[in-house]
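Shown here: data.txt, compact mmCIF, C-alpha atoms.
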```txt
# COMPACT_ATOMS: atom_id res chain seq x y z
CA MET A 1 16.60 4.60 4.37
CA LEU A 2 13.05 5.34 5.37
CA ARG A 3 11.73 2.31 3.50
CA THR A 4 13.98 0.04 5.53
CA CYS A 5 12.69 1.29 8.87
CA ASP A 6 9.12 2.55 8.47
CA TRP A 7 7.75 -0.98 8.91
CA THR A 8 9.02 -0.94 12.50
CA GLN A 9 6.20 1.45 13.44
CA LEU A 10 3.36 -0.73 12.17
CA ASP A 11 1.02 -2.08 14.84
CA ASP A 12 1.86 -5.68 13.94
CA ALA A 13 5.65 -5.23 13.74
CA PRO A 14 7.28 -8.10 15.67
CA LEU A 15 9.35 -5.79 17.89
CA SER A 16 9.53 -5.18 21.60
CA ILE A 17 8.24 -1.87 22.93
CA THR A 18 11.81 -0.74 23.60
CA THR A 19 12.99 -1.52 20.09
CA LYS A 20 9.92 0.00 18.49
CA ALA A 21 10.51 3.23 20.41
CA ALA A 22 14.18 3.32 19.40
CA TRP A 23 13.29 2.82 15.75
CA GLY A 24 10.56 5.49 16.02
CA VAL A 25 13.13 8.17 16.72
CA TYR A 26 15.35 7.24 13.76
CA PRO A 27 12.90 7.92 10.88
CA SER A 28 11.80 11.14 12.55
CA ALA A 29 15.43 12.27 12.65
CA LEU A 30 15.87 11.32 8.97
CA ARG A 31 12.80 13.31 7.97
CA ALA A 32 14.12 16.35 9.87
CA LEU A 33 17.48 16.38 8.05
CA PRO A 34 16.51 18.71 5.16
CA ALA A 35 15.53 21.45 7.63
CA LEU A 36 18.95 21.46 9.34
CA PRO A 37 21.32 24.33 8.54
CA GLY A 38 24.08 23.11 6.25
CA PHE A 39 22.13 20.13 4.89
CA PRO A 40 23.32 17.82 3.34
CA ASP A 41 26.66 18.40 5.05
CA VAL A 42 25.34 17.55 8.51
CA GLU A 43 25.75 14.62 10.86
CA TRP A 44 23.27 11.97 9.82
CA PRO A 45 21.39 9.96 12.45
CA ARG A 46 22.57 6.44 13.09
CA PRO A 47 20.06 3.58 13.17
CA PRO A 48 19.49 1.89 16.52
CA THR A 49 21.69 -1.09 17.28
CA MET A 50 20.14 -4.49 17.80
CA VAL A 51 21.30 -6.77 20.62
CA ASP A 52 23.59 -8.74 18.33
CA GLY A 53 25.13 -5.52 17.02
CA ALA A 54 23.36 -5.70 13.66
CA THR A 55 21.59 -2.69 12.24
CA ASP A 56 19.83 -4.74 9.58
CA VAL A 57 16.15 -4.48 10.47
CA GLY A 58 15.58 -7.78 8.67
CA VAL A 59 17.31 -9.77 11.41
CA GLN A 60 15.37 -11.49 14.16
CA GLU A 61 15.25 -8.89 16.91
CA ARG A 62 15.31 -9.05 20.68
CA ASP A 63 15.16 -6.14 23.12
CA ALA A 64 17.48 -3.42 21.86
CA ILE A 65 20.31 -2.69 24.24
CA PRO A 66 22.85 -0.14 23.04
CA THR A 67 26.29 -1.74 22.88
CA ASP A 68 27.80 0.81 25.25
CA GLU A 69 25.19 0.03 27.93
CA ARG A 70 25.79 -3.72 28.16
```
Reformat the file's structure so that it appears as structure tokens.
Amino acid sequence: MLRTCDWTQLDDAPLSITTKAAWGVYPSALRALPALPGFPDVEWPRPPTMVDGATDVGVQERDAIPTDER
């Protein structure tokens, strides 16, 4: 999971500031999982949602707007 999202934090990642910030939280949450009580039986973080609803970081991205806020 980390391999699929770490690229989003590179300086030259083709992402908006909003999307980059959203994807910055996700890997941090993944890395924190082992320290949670009850791991691995805990709620896992969900990746940010792209504008088109895809969570595939390989898709062409636009500003991330959570589906429930549109």
What separates atom CA of A:Met1 and atom CA of A:Pro47 is a distance of 9.5 Å
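The environment of stretch 22-29 of chain A within 9 Å, counting all atoms listed in the file and disregarding residues fewer than 2 places along the same chain, consists of Met1, Leu2, Cys5, Asp6, Thr8, Gln9, Ile17, Thr18, Thr19, Lys20, Arg31, Ala32, Leu33, Trp44, Pro45, Arg46, Pro47, Pro48, Thr49 and Ala64 of chain A.
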Please dump the current selection as a PDB file, in the frame of the given file; keep C-alpha atoms.
```pdb
ATOM      1  CA  MET A   1      16.600   4.600   4.370  1.00  0.00           C
ATOM      2  CA  LEU A   2      13.050   5.340   5.370  1.00  0.00           C
ATOM      3  CA  CYS A   5      12.690   1.290   8.870  1.00  0.00           C
ATOM      4  CA  ASP A   6       9.120   2.550   8.470  1.00  0.00           C
ATOM      5  CA  THR A   8       9.020  -0.940  12.500  1.00  0.00           C
ATOM      6  CA  GLN A   9       6.200   1.450  13.440  1.00  0.00           C
ATOM      7  CA  ILE A  17       8.240  -1.870  22.930  1.00  0.00           C
ATOM      8  CA  THR A  18      11.810  -0.740  23.600  1.00  0.00           C
ATOM      9  CA  THR A  19      12.990  -1.520  20.090  1.00  0.00           C
ATOM     10  CA  LYS A  20       9.920   0.000  18.490  1.00  0.00           C
ATOM     11  CA  ARG A  31      12.800  13.310   7.970  1.00  0.00           C
ATOM     12  CA  ALA A  32      14.120  16.350   9.870  1.00  0.00           C
ATOM     13  CA  LEU A  33      17.480  16.380   8.050  1.00  0.00           C
ATOM     14  CA  TRP A  44      23.270  11.970   9.820  1.00  0.00           C
ATOM     15  CA  PRO A  45      21.390   9.960  12.450  1.00  0.00           C
ATOM     16  CA  ARG A  46      22.570   6.440  13.090  1.00  0.00           C
ATOM     17  CA  PRO A  47      20.060   3.580  13.170  1.00  0.00           C
ATOM     18  CA  PRO A  48      19.490   1.890  16.520  1.00  0.00           C
ATOM     19  CA  THR A  49      21.690  -1.090  17.280  1.00  0.00           C
ATOM     20  CA  ALA A  64      17.480  -3.420  21.860  1.00  0.00           C
TER      21      ALA A  64
END
```
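Between atom CA of A:Thr4 and atom CA of A:Pro40 there is a distance of 20.2 Å.
Note that atom CA of A:Leu10 and atom CA of A:Glu43 are 27.2 Å apart.
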